[in-house]
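The structure file model09.cif is reproduced below (mmCIF, C-alpha atoms).
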data_data
loop_
_atom_site.label_atom_id
_atom_site.label_comp_id
_atom_site.auth_asym_id
_atom_site.auth_seq_id
_atom_site.Cartn_x
_atom_site.Cartn_y
_atom_site.Cartn_z
CA MET V 296 65.71 12.60 38.74
CA THR V 297 63.89 15.55 37.16
CA GLN V 298 65.23 18.23 34.85
CA VAL V 299 65.36 20.63 37.81
CA ASP V 300 67.27 18.07 39.91
CA VAL V 301 69.80 17.60 37.13
CA ARG V 302 70.29 21.34 36.77
CA GLU V 303 70.75 21.73 40.52
CA ARG V 304 73.28 18.92 40.59
CA ILE V 305 75.21 20.49 37.70
CA LEU V 306 75.26 23.90 39.36
CA ALA V 307 76.30 22.40 42.72
CA GLY V 308 79.18 20.58 41.03
CA ASN V 309 80.15 23.80 39.31
CA ALA V 310 80.05 25.76 42.56
CA ALA V 311 82.45 23.29 44.21
CA ALA V 312 84.86 23.51 41.29
CA ALA V 313 84.61 27.31 41.29
CA ALA V 314 85.37 27.47 45.01
CA ALA V 315 88.54 25.42 44.43
CA LEU V 316 89.54 27.75 41.60
CA ARG V 317 88.95 30.79 43.80
CA GLU V 318 91.27 29.33 46.47
CA ARG V 319 93.88 28.62 43.84
CA PHE V 320 93.70 32.17 42.46
CA ALA V 321 93.90 33.56 46.02
CA SER V 322 97.07 31.60 46.68
CA THR V 323 98.68 32.76 43.44
CA ARG V 324 97.38 36.31 44.01
CA THR V 325 95.97 36.35 40.49
CA LEU V 326 93.11 38.70 39.63
CA VAL V 327 90.58 36.88 37.47
CA LEU V 328 87.98 38.51 35.23
CA ASN V 329 85.14 36.61 33.51
CA LEU V 330 84.17 38.48 30.33
CA ILE V 331 80.65 37.86 29.00
CA SER V 332 78.81 39.36 26.03
CA SER V 333 76.97 38.61 22.80
CA PRO V 334 79.03 37.19 19.96
CA GLY V 335 80.87 40.03 18.23
CA SER V 336 80.64 42.63 21.00
CA GLY V 337 84.40 42.96 21.00
CA LYS V 338 85.70 40.85 23.92
CA THR V 339 88.87 39.73 22.13
CA THR V 340 89.40 43.19 20.66
CA LEU V 341 89.15 44.74 24.14
CA LEU V 342 91.66 42.19 25.42
CA GLU V 343 94.04 43.01 22.55
CA ALA V 344 93.89 46.71 23.47
CA THR V 345 94.38 45.80 27.15
CA VAL V 346 97.42 43.66 26.43
CA ARG V 347 98.97 46.46 24.37
CA ALA V 348 98.29 49.02 27.11
CA LEU V 349 99.57 46.89 30.01
CA ALA V 350 102.46 45.18 28.21
CA GLY V 351 105.55 45.03 30.39
CA ARG V 352 103.66 46.22 33.49
CA LEU V 353 101.64 43.12 34.37
CA ARG V 354 101.87 39.43 33.58
CA LEU V 355 98.68 38.73 31.66
CA GLY V 356 97.16 35.47 30.43
CA ALA V 357 93.90 34.35 28.89
CA ILE V 358 91.55 31.40 28.67
CA GLU V 359 89.27 31.62 25.65
CA GLY V 360 85.97 29.78 25.37
CA ASP V 361 84.43 29.06 22.00
CA ILE V 362 82.21 26.48 20.34
CA ALA V 363 84.77 26.06 17.57
CA THR V 364 88.05 27.54 16.18
CA GLU V 365 91.30 28.55 17.95
CA ARG V 366 91.05 32.01 16.46
CA ASP V 367 90.70 34.07 19.64
CA ALA V 368 93.61 32.41 21.48
CA ASP V 369 95.72 32.85 18.33
CA ARG V 370 94.98 36.58 18.32
CA LEU V 371 96.18 36.97 21.92
CA ARG V 372 99.21 34.70 21.55
CA ALA V 373 100.22 36.89 18.60
CA LEU V 374 100.56 39.72 21.13
CA GLY V 375 102.91 37.66 23.26
CA ILE V 376 100.71 36.53 26.15
CA PRO V 377 99.96 32.92 27.09
CA ALA V 378 96.45 31.97 25.98
CA HIS V 379 94.61 28.66 25.99
CA GLN V 380 91.55 27.91 23.92
CA ILE V 381 88.80 25.73 25.39
CA LEU V 382 86.54 24.34 22.68
CA THR V 383 83.19 23.57 24.25
CA GLY V 384 82.04 21.37 21.37
CA GLY V 385 78.62 22.92 21.19
CA ALA V 386 78.12 23.91 24.83
CA CYS V 387 76.89 27.46 25.27
CA HIS V 388 79.09 28.52 28.23
CA LEU V 389 82.28 27.70 30.09
CA ASP V 390 82.06 25.85 33.38
CA ALA V 391 84.50 25.78 36.28
CA ARG V 392 85.64 22.21 35.62
CA GLN V 393 86.67 23.15 32.08
CA VAL V 394 88.72 26.03 33.48
CA SER V 395 90.33 23.76 36.11
CA GLY V 396 91.12 21.18 33.46
CA ALA V 397 92.67 23.80 31.19
CA LEU V 398 94.90 25.08 34.00
CA GLU V 399 96.01 21.53 34.87
CA THR V 400 96.97 20.63 31.33
CA HIS V 401 98.21 23.99 30.02
CA ASP V 402 100.52 25.91 32.31
CA LEU V 403 100.04 29.63 31.66
CA GLY V 404 102.86 30.44 34.11
CA PRO V 405 102.61 32.89 37.03
CA LEU V 406 100.05 35.59 36.24
CA ASP V 407 98.99 38.90 37.73
CA VAL V 408 95.74 38.93 35.76
CA LEU V 409 93.89 36.08 34.06
CA PHE V 410 91.16 37.01 31.60
CA ILE V 411 88.55 34.32 30.98
CA GLU V 412 86.70 35.12 27.79
CA ASN V 413 83.44 33.21 27.88
CA VAL V 414 81.51 31.80 24.92
CA GLY V 415 79.64 34.60 23.13
CA ASN V 416 76.25 34.41 24.82
CA LEU V 417 74.42 36.85 27.10
CA VAL V 418 72.34 34.17 28.81
CA CYS V 419 73.89 30.83 29.72
CA PRO V 420 77.32 31.95 31.05
CA THR V 421 75.49 34.00 33.68
CA SER V 422 74.79 30.96 35.86
CA TYR V 423 78.30 29.48 35.96
CA ASP V 424 80.77 30.84 38.52
CA LEU V 425 84.31 30.33 37.22
CA GLY V 426 86.12 31.36 40.42
CA GLU V 427 86.55 34.88 39.06
CA ASP V 428 86.98 38.02 41.15
CA PHE V 429 84.27 39.69 39.11
CA LYS V 430 82.26 39.41 35.92
CA VAL V 431 82.48 41.97 33.14
CA ALA V 432 79.55 42.42 30.75
CA LEU V 433 80.32 43.98 27.38
CA LEU V 434 77.71 45.76 25.25
CA SER V 435 78.58 47.24 21.88
CA VAL V 436 76.79 50.40 20.80
CA THR V 437 75.53 48.63 17.66
CA GLU V 438 73.45 46.20 19.73
CA GLY V 439 70.98 48.84 20.87
CA GLU V 440 70.29 50.41 24.22
CA ASP V 441 67.50 48.03 25.23
CA LYS V 442 69.76 45.12 26.09
CA PRO V 443 70.33 45.46 29.88
CA PHE V 444 66.61 45.16 30.65
CA LYS V 445 66.20 42.40 28.03
CA TYR V 446 69.05 40.36 29.55
CA PRO V 447 68.86 41.57 33.15
CA SER V 448 70.66 38.73 34.90
CA ILE V 449 74.09 39.25 33.38
CA PHE V 450 74.02 43.02 33.90
CA ALA V 451 72.95 42.50 37.52
CA LYS V 452 75.74 40.01 38.16
CA SER V 453 78.52 42.02 36.48
CA ALA V 454 80.48 44.42 38.70
CA VAL V 455 81.65 46.17 35.54
CA THR V 456 79.80 46.92 32.31
CA VAL V 457 81.98 47.96 29.38
CA VAL V 458 80.27 49.73 26.50
CA THR V 459 82.38 48.96 23.39
CA LYS V 460 82.69 50.35 19.85
CA ALA V 461 81.99 53.92 21.01
CA ASP V 462 83.61 55.08 17.75
CA LEU V 463 80.48 53.83 15.94
CA MET V 464 78.15 56.00 18.08
CA PRO V 465 77.74 58.68 15.36
CA HIS V 466 76.46 56.03 12.92
CA VAL V 467 73.86 54.26 15.06
CA THR V 468 70.97 55.04 17.36
CA PHE V 469 72.23 54.30 20.87
CA ARG V 470 71.03 56.25 23.90
CA LEU V 471 73.91 55.91 26.33
CA ASP V 472 71.93 57.59 29.12
CA ASP V 473 69.27 54.85 28.82
CA VAL V 474 71.95 52.19 29.24
CA ARG V 475 73.42 54.00 32.25
CA GLU V 476 69.97 54.10 33.89
CA GLN V 477 69.25 50.42 33.24
CA VAL V 478 72.65 49.27 34.49
CA ALA V 479 72.37 51.51 37.58
CA ALA V 480 68.96 49.97 38.33
CA LEU V 481 70.20 46.42 37.89
CA ARG V 482 73.55 46.89 39.63
CA PRO V 483 73.58 50.01 41.82
CA ASP V 484 77.21 49.52 42.94
CA GLY V 485 78.46 48.70 39.43
CA THR V 486 80.90 50.60 37.24
CA LEU V 487 80.13 51.50 33.63
CA LEU V 488 82.95 52.37 31.23
CA VAL V 489 82.63 53.61 27.65
CA THR V 490 85.41 52.41 25.35
CA SER V 491 86.62 52.14 21.79
CA ALA V 492 89.47 49.89 20.81
CA VAL V 493 89.70 51.92 17.57
CA THR V 494 90.16 55.39 19.08
CA GLY V 495 91.51 54.22 22.44
CA GLU V 496 88.70 55.99 24.32
CA GLY V 497 88.27 54.59 27.82
CA ILE V 498 91.08 52.03 27.59
CA ALA V 499 93.21 53.86 30.17
CA ASP V 500 90.27 53.91 32.60
CA TRP V 501 89.66 50.21 32.03
CA CYS V 502 93.32 49.38 32.66
CA ALA V 503 93.36 51.61 35.74
CA LEU V 504 90.34 49.70 37.08
CA ILE V 505 92.16 46.40 36.59
CA GLU V 506 95.30 47.67 38.34
CA LYS V 507 93.22 49.05 41.22
CA ARG V 508 91.36 45.77 41.70
CA LEU V 509 94.62 43.85 41.57
CA ALA V 510 96.17 46.13 44.22
CA GLU V 511 93.06 45.69 46.41
CA LYS V 512 93.24 41.93 46.09
CA ARG V 513 96.90 41.91 47.02
CA GLY V 514 96.46 44.48 49.79
CA GLY V 515 93.95 42.11 51.33
CA ALA V 516 96.39 39.20 51.28
CA PRO V 517 98.55 38.51 54.36
CA MET M 124 68.66 9.35 34.76
CA THR M 125 71.81 11.04 33.56
CA GLN M 126 72.27 14.54 32.18
CA VAL M 127 72.42 13.09 28.66
CA ASP M 128 69.20 11.14 29.23
CA VAL M 129 67.44 14.28 30.43
CA ARG M 130 68.62 16.24 27.40
CA GLU M 131 67.48 13.48 25.05
CA ARG M 132 64.10 13.33 26.74
CA ILE M 133 63.70 17.10 26.43
CA LEU M 134 64.64 17.08 22.76
CA ALA M 135 62.32 14.13 22.03
CA GLY M 136 59.45 15.99 23.71
CA ASN M 137 60.31 19.06 21.68
CA ALA M 138 60.41 17.08 18.43
CA ALA M 139 56.91 15.72 19.07
CA ALA M 140 55.54 19.20 19.79
CA ALA M 141 57.32 20.59 16.70
CA ALA M 142 55.80 17.87 14.49
CA ALA M 143 52.34 18.82 15.71
CA LEU M 144 53.06 22.48 15.00
CA ARG M 145 54.28 21.61 11.49
CA GLU M 146 51.00 19.77 10.80
CA ARG M 147 49.05 22.72 12.10
CA PHE M 148 50.97 25.17 9.88
CA ALA M 149 50.51 22.84 6.88
CA SER M 150 46.75 22.79 7.40
CA THR M 151 46.57 26.60 7.72
CA ARG M 152 49.01 26.96 4.79
CA THR M 153 51.11 29.35 6.88
CA LEU M 154 54.80 29.82 6.05
CA VAL M 155 56.82 29.89 9.28
CA LEU M 156 60.31 31.35 9.71
CA ASN M 157 62.45 30.88 12.84
CA LEU M 158 64.83 33.85 13.13
CA ILE M 159 68.00 33.29 15.15
CA SER M 160 70.95 35.59 15.88
CA SER M 161 73.04 37.24 18.56
CA PRO M 162 71.33 39.87 20.69
CA GLY M 163 71.27 43.15 18.78
CA SER M 164 71.84 41.77 15.28
CA GLY M 165 68.66 43.41 14.09
CA LYS M 166 65.99 40.70 14.06
CA THR M 167 63.15 43.01 15.12
CA THR M 168 64.43 45.79 12.87
CA LEU M 169 64.45 43.43 9.88
CA LEU M 170 60.89 42.38 10.74
CA GLU M 171 59.81 46.04 10.95
CA ALA M 172 61.22 46.64 7.45
CA THR M 173 59.53 43.44 6.22
CA VAL M 174 56.14 44.43 7.61
CA ARG M 175 56.42 47.86 5.96
CA ALA M 176 57.39 46.30 2.62
CA LEU M 177 54.70 43.60 2.61
CA ALA M 178 51.87 45.59 4.23
CA GLY M 179 48.58 44.97 2.49
CA ARG M 180 49.98 42.09 0.42
CA LEU M 181 50.30 39.33 3.01
CA ARG M 182 48.80 38.63 6.40
CA LEU M 183 51.81 38.67 8.74
CA GLY M 184 52.14 37.81 12.42
CA ALA M 185 54.94 37.34 14.92
CA ILE M 186 55.85 35.42 18.04
CA GLU M 187 58.68 37.11 19.93
CA GLY M 188 60.95 35.29 22.37
CA ASP M 189 62.81 37.17 25.08
CA ILE M 190 64.11 36.65 28.59
CA ALA M 191 62.34 39.80 29.73
CA THR M 192 60.38 42.86 28.40
CA GLU M 193 57.49 43.10 25.91
CA ARG M 194 59.46 45.58 23.83
CA ASP M 195 59.84 43.60 20.62
CA ALA M 196 56.19 42.60 20.35
CA ASP M 197 55.22 46.22 21.08
CA ARG M 198 57.39 47.39 18.17
CA LEU M 199 55.62 45.05 15.74
CA ARG M 200 52.11 45.68 17.07
CA ALA M 201 52.81 49.39 16.51
CA LEU M 202 53.05 48.55 12.80
CA GLY M 203 49.63 46.92 12.85
CA ILE M 204 50.44 43.19 12.85
CA PRO M 205 49.42 40.71 15.56
CA ALA M 206 52.40 39.85 17.75
CA HIS M 207 52.68 37.80 20.92
CA GLN M 208 55.61 38.01 23.32
CA ILE M 209 56.79 34.83 25.05
CA LEU M 210 58.86 35.63 28.13
CA THR M 211 61.14 32.68 28.78
CA GLY M 212 61.95 33.74 32.35
CA GLY M 213 65.65 33.10 31.97
CA ALA M 214 65.61 30.28 29.43
CA CYS M 215 68.02 30.81 26.56
CA HIS M 216 65.80 29.66 23.67
CA LEU M 217 62.21 29.08 22.62
CA ASP M 218 60.86 25.53 22.52
CA ALA M 219 57.99 24.08 20.53
CA ARG M 220 55.71 23.71 23.54
CA GLN M 221 56.01 27.42 24.31
CA VAL M 222 55.03 28.21 20.72
CA SER M 223 52.06 25.78 20.88
CA GLY M 224 50.96 27.30 24.18
CA ALA M 225 51.19 30.81 22.78
CA LEU M 226 49.07 29.88 19.76
CA GLU M 227 46.44 28.22 21.98
CA THR M 228 46.07 31.21 24.29
CA HIS M 229 46.65 34.08 21.87
CA ASP M 230 44.84 33.88 18.56
CA LEU M 231 46.92 35.68 15.93
CA GLY M 232 44.18 35.11 13.34
CA PRO M 233 44.70 33.54 9.90
CA LEU M 234 48.24 34.22 8.69
CA ASP M 235 50.14 33.84 5.44
CA VAL M 236 53.48 34.18 7.20
CA LEU M 237 54.39 33.72 10.87
CA PHE M 238 57.76 35.04 12.00
CA ILE M 239 59.13 33.45 15.17
CA GLU M 240 61.86 35.66 16.58
CA ASN M 241 63.93 33.52 18.90
CA VAL M 242 65.78 34.65 22.05
CA GLY M 243 68.99 36.48 21.08
CA ASN M 244 71.50 33.63 21.20
CA LEU M 245 73.55 31.95 18.46
CA VAL M 246 73.90 28.66 20.32
CA CYS M 247 70.94 27.22 22.24
CA PRO M 248 68.06 27.94 19.82
CA THR M 249 69.88 25.83 17.22
CA SER M 250 68.75 22.56 18.82
CA TYR M 251 65.03 23.31 19.13
CA ASP M 252 62.79 22.72 16.12
CA LEU M 253 59.76 25.01 16.32
CA GLY M 254 57.84 23.47 13.43
CA GLU M 255 59.18 26.17 11.10
CA ASP M 256 59.57 25.83 7.33
CA PHE M 257 63.13 27.08 7.64
CA LYS M 258 65.55 28.81 9.98
CA VAL M 259 67.07 32.20 9.22
CA ALA M 260 70.40 33.18 10.76
CA LEU M 261 71.16 36.88 11.01
CA LEU M 262 74.68 38.29 11.24
CA SER M 263 75.32 42.02 11.50
CA VAL M 264 78.44 43.43 9.86
CA THR M 265 79.58 44.83 13.22
CA GLU M 266 79.94 41.32 14.69
CA GLY M 267 82.93 40.40 12.55
CA GLU M 268 83.34 37.96 9.70
CA ASP M 269 84.62 35.07 11.82
CA LYS M 270 81.21 34.14 13.24
CA PRO M 271 79.97 31.36 10.91
CA PHE M 272 82.95 29.11 11.66
CA LYS M 273 82.83 30.03 15.38
CA TYR M 274 79.11 29.13 15.60
CA PRO M 275 78.91 26.54 12.81
CA SER M 276 75.75 24.72 13.85
CA ILE M 277 73.31 27.56 13.36
CA PHE M 278 74.77 28.58 10.00
CA ALA M 279 74.64 24.95 8.84
CA LYS M 280 71.00 24.58 9.93
CA SER M 281 69.77 27.86 8.42
CA ALA M 282 68.49 27.74 4.84
CA VAL M 283 68.92 31.52 4.73
CA THR M 284 71.63 33.74 6.20
CA VAL M 285 70.83 37.44 6.29
CA VAL M 286 73.73 39.85 6.71
CA THR M 287 72.30 42.95 8.40
CA LYS M 288 73.42 46.57 8.98
CA ALA M 289 75.21 46.71 5.61
CA ASP M 290 75.04 50.51 5.91
CA LEU M 291 77.74 50.27 8.61
CA MET M 292 80.14 48.40 6.29
CA PRO M 293 82.24 51.54 5.56
CA HIS M 294 82.88 52.01 9.29
CA VAL M 295 83.95 48.49 10.29
CA THR M 296 86.26 45.73 9.17
CA PHE M 297 84.01 43.05 7.69
CA ARG M 298 85.13 40.83 4.84
CA LEU M 299 81.88 39.84 3.19
CA ASP M 300 83.63 37.36 0.90
CA ASP M 301 84.94 35.49 3.95
CA VAL M 302 81.40 35.18 5.27
CA ARG M 303 80.13 33.99 1.90
CA GLU M 304 82.81 31.28 1.81
CA GLN M 305 82.11 30.09 5.36
CA VAL M 306 78.35 29.98 4.85
CA ALA M 307 78.76 28.18 1.51
CA ALA M 308 80.98 25.58 3.22
CA LEU M 309 78.55 25.07 6.09
CA ARG M 310 75.37 25.14 4.00
CA PRO M 311 76.08 24.56 0.32
CA ASP M 312 72.42 24.91 -0.74
CA GLY M 313 71.82 27.99 1.42
CA THR M 314 70.96 31.53 0.36
CA LEU M 315 72.86 34.57 1.64
CA LEU M 316 71.31 38.03 1.47
CA VAL M 317 72.94 41.35 2.34
CA THR M 318 70.55 43.89 3.83
CA SER M 319 70.24 47.23 5.56
CA ALA M 320 67.03 48.31 7.24
CA VAL M 321 68.42 51.88 7.15
CA THR M 322 69.05 52.19 3.39
CA GLY M 323 66.60 49.47 2.33
CA GLU M 324 69.34 47.48 0.59
CA GLY M 325 68.32 43.85 0.08
CA ILE M 326 64.86 44.19 1.64
CA ALA M 327 63.10 43.63 -1.70
CA ASP M 328 65.14 40.44 -2.28
CA TRP M 329 64.31 39.24 1.23
CA CYS M 330 60.59 39.88 0.71
CA ALA M 331 60.72 38.18 -2.70
CA LEU M 332 62.30 35.12 -1.08
CA ILE M 333 59.48 34.98 1.48
CA GLU M 334 56.81 35.29 -1.23
CA LYS M 335 58.51 32.59 -3.34
CA ARG M 336 58.70 30.17 -0.40
CA LEU M 337 55.07 30.84 0.45
CA ALA M 338 54.02 30.16 -3.14
CA GLU M 339 56.05 26.93 -3.14
CA LYS M 340 54.45 25.79 0.09
CA ARG M 341 50.97 26.50 -1.27
CA GLY M 342 51.73 25.06 -4.67
CA GLY M 343 52.63 21.83 -2.93
CA ALA M 344 49.30 21.67 -1.10
CA PRO M 345 46.39 19.71 -2.62
#
Since I need it in another form, could you write the structure as structure tokens?
Amino acid sequence: MTQVDVRERILAGNAAAAAALRERFASTRTLVLNLISSPGSGKTTLLEATVRALAGRLRLGAIEGDIATERDADRLRALGIPAHQILTGGACHLDARQVSGALETHDLGPLDVLFIENVGNLVCPTSYDLGEDFKVALLSVTEGEDKPFKYPSIFAKSAVTVVTKADLMPHVTFRLDDVREQVAALRPDGTLLVTSAVTGEGIADWCALIEKRLAEKRGGAP
Amino acid sequence: MTQVDVRERILAGNAAAAAALRERFASTRTLVLNLISSPGSGKTTLLEATVRALAGRLRLGAIEGDIATERDADRLRALGIPAHQILTGGACHLDARQVSGALETHDLGPLDVLFIENVGNLVCPTSYDLGEDFKVALLSVTEGEDKPFKYPSIFAKSAVTVVTKADLMPHVTFRLDDVREQVAALRPDGTLLVTSAVTGEGIADWCALIEKRLAEKRGGAP
């Protein structure tokens, strides 16, 4: 068996597990987002702002993927939502079997929205379907505006791109129009939101998008 | 052949290619640094500042690793140093055979120092020796101070950690002492430098470290 064969077998196994997850999330009418970005782009911080904004309106939960430390799940549990940390032990992405296993062993209760925060990595998580409704790519303004074309796959596969840390825009060189053009080229039907968890910019739009997608998913159910 | 077997075979092949590279760099008395960080931490920007500071004193060259675009190599060539871009076509790290292949097909000329800028990724490049003298991990202050313990392997394997974008420190929450403690725990004999390519902070210390390591490497040669 060659390296390519092994990779194909891994991805086929993942696809089967992801399909089972998608059926499960359809039956529970749970909207699932798979958040992907570089380390330190602000995934957990965006989720903290989201939990604060939607508290009491939706039942939210999170699965956190990291190489090491329970820190991210701790931050979300501190806000009162169920959160489970998957430690990948060195692996550079979450896979669907890890998510299935986490849901089997750690009951997050009935959820309207499940956020899956992937390992911080713009490359490897791209290839692994986790049964989500859509992927969300985050890009902080401090990372530079060249990133969509340098990491095209994740920006092409993400229905939503969230620009984060907009409050730092005055202090860095970041041409937002360049990012808009690159994302539009890679994902013509995608949505781009500009946010700051510090000032609150864009958080209402982000939450409105989540509520709209949830309503659409439920409107489509029998 | 299992997944583990395939991974072991790949890493063994890489180790052999890296050993050959290390012999080559010993014979040319070239100091080689393997720079690893998240996307957007400022690897290319640090190299630009380094080239400006060392211009005329050392013969510098660069190999740039990216999924897509020639942008980083273009930035360094614009400063007058030879630079070759390896496009990994989706792969999340550079491997030693790619570096060997690049050196065979693209003569960078005689060099005192070769910088290898890895694909932006804190995880996968960790496992692949490129024949370098030492690894350098970069961490920008905007990424948050929790990163060394969340990505322990790369900070343990890097002889030098460079904190970048120190000019943004007043605008973000970043506990430098926390980072120092984590890096010291993971790599007790490591060096940590704090830099800003905008203000120039720490660039002289960084260049002095490179010159010292080069002198040590050459002092050790017959």
Applied to the shown file, which residues does the PyMOL selection byres ((chain V) within 7 of (chain M)) return, written as a PDB file with C-alpha atoms, in the frame of the given file?
ATOM      1  CA  MET V 296      65.710  12.600  38.740  1.00  0.00           C
ATOM      2  CA  GLN V 298      65.230  18.230  34.850  1.00  0.00           C
ATOM      3  CA  VAL V 301      69.800  17.600  37.130  1.00  0.00           C
ATOM      4  CA  SER V 333      76.970  38.610  22.800  1.00  0.00           C
ATOM      5  CA  PRO V 334      79.030  37.190  19.960  1.00  0.00           C
ATOM      6  CA  GLY V 335      80.870  40.030  18.230  1.00  0.00           C
ATOM      7  CA  SER V 336      80.640  42.630  21.000  1.00  0.00           C
ATOM      8  CA  ASP V 361      84.430  29.060  22.000  1.00  0.00           C
ATOM      9  CA  ILE V 362      82.210  26.480  20.340  1.00  0.00           C
ATOM     10  CA  ALA V 363      84.770  26.060  17.570  1.00  0.00           C
ATOM     11  CA  THR V 364      88.050  27.540  16.180  1.00  0.00           C
ATOM     12  CA  CYS V 387      76.890  27.460  25.270  1.00  0.00           C
ATOM     13  CA  ASN V 416      76.250  34.410  24.820  1.00  0.00           C
ATOM     14  CA  VAL V 418      72.340  34.170  28.810  1.00  0.00           C
ATOM     15  CA  CYS V 419      73.890  30.830  29.720  1.00  0.00           C
ATOM     16  CA  GLU V 438      73.450  46.200  19.730  1.00  0.00           C
ATOM     17  CA  GLY V 439      70.980  48.840  20.870  1.00  0.00           C
ATOM     18  CA  PHE V 444      66.610  45.160  30.650  1.00  0.00           C
ATOM     19  CA  LYS V 445      66.200  42.400  28.030  1.00  0.00           C
ATOM     20  CA  TYR V 446      69.050  40.360  29.550  1.00  0.00           C
TER      21      TYR V 446
END
task = List the neighbours of range 334-337 of chain M out to 9 Å using all atoms listed in the file; skip same-chain residues closer than 6 positions along the sequence, and give me the result as number ranges by chain.
result = M: 152-154, 181, 235-236, 256
inquiry  = Set the distance at 12 Å and use all atoms listed in the file: which residues neighbour range 313-316 of chain M once local chain neighbours fewer than 4 positions away are removed? I'd like the list as a PyMOL selection string.
reply    = chain M and resi 257-263+278-289+299-300+302-309+324-332
task = Kindly give the distance, in Å, that separates CA of Ala140 in chain M and CA of Leu253 in chain M, rounded to a single decimal.
result = 8.0 Å
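CA of Glu303 in chain V is positioned 27.9 Å from CA of Ala225 in chain M.
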task = Any chance you could resolve the PyMOL selection byres ((chain M and resi 233) around 12) against this file and give the residues as number ranges by chain?
result = M: 147-148, 150-154, 181-184, 204-205, 226, 230-232, 234-237
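Distances from M:Glu240, M:Glu187, M:Asp197, M:Glu255 to Val155 in chain M were compared using all atoms listed in the file, and the smallest one belongs to M:Glu255.
For the choices V:Ala344, V:Gln380, V:Arg513, V:Ile331, the atom-to-atom distance to Ser422 in chain V is smallest for V:Ile331 when using only C-alpha atoms.
Put simply, CA of Ala311 in chain V is 11.3 Å away from CA of Ser395 in chain V.
Take the candidates V:Lys338, V:Ala310, V:Pro465, V:Ala315 and check each one against Asp390 in chain V using only C-alpha atoms; the shortest distance goes to V:Ala310.
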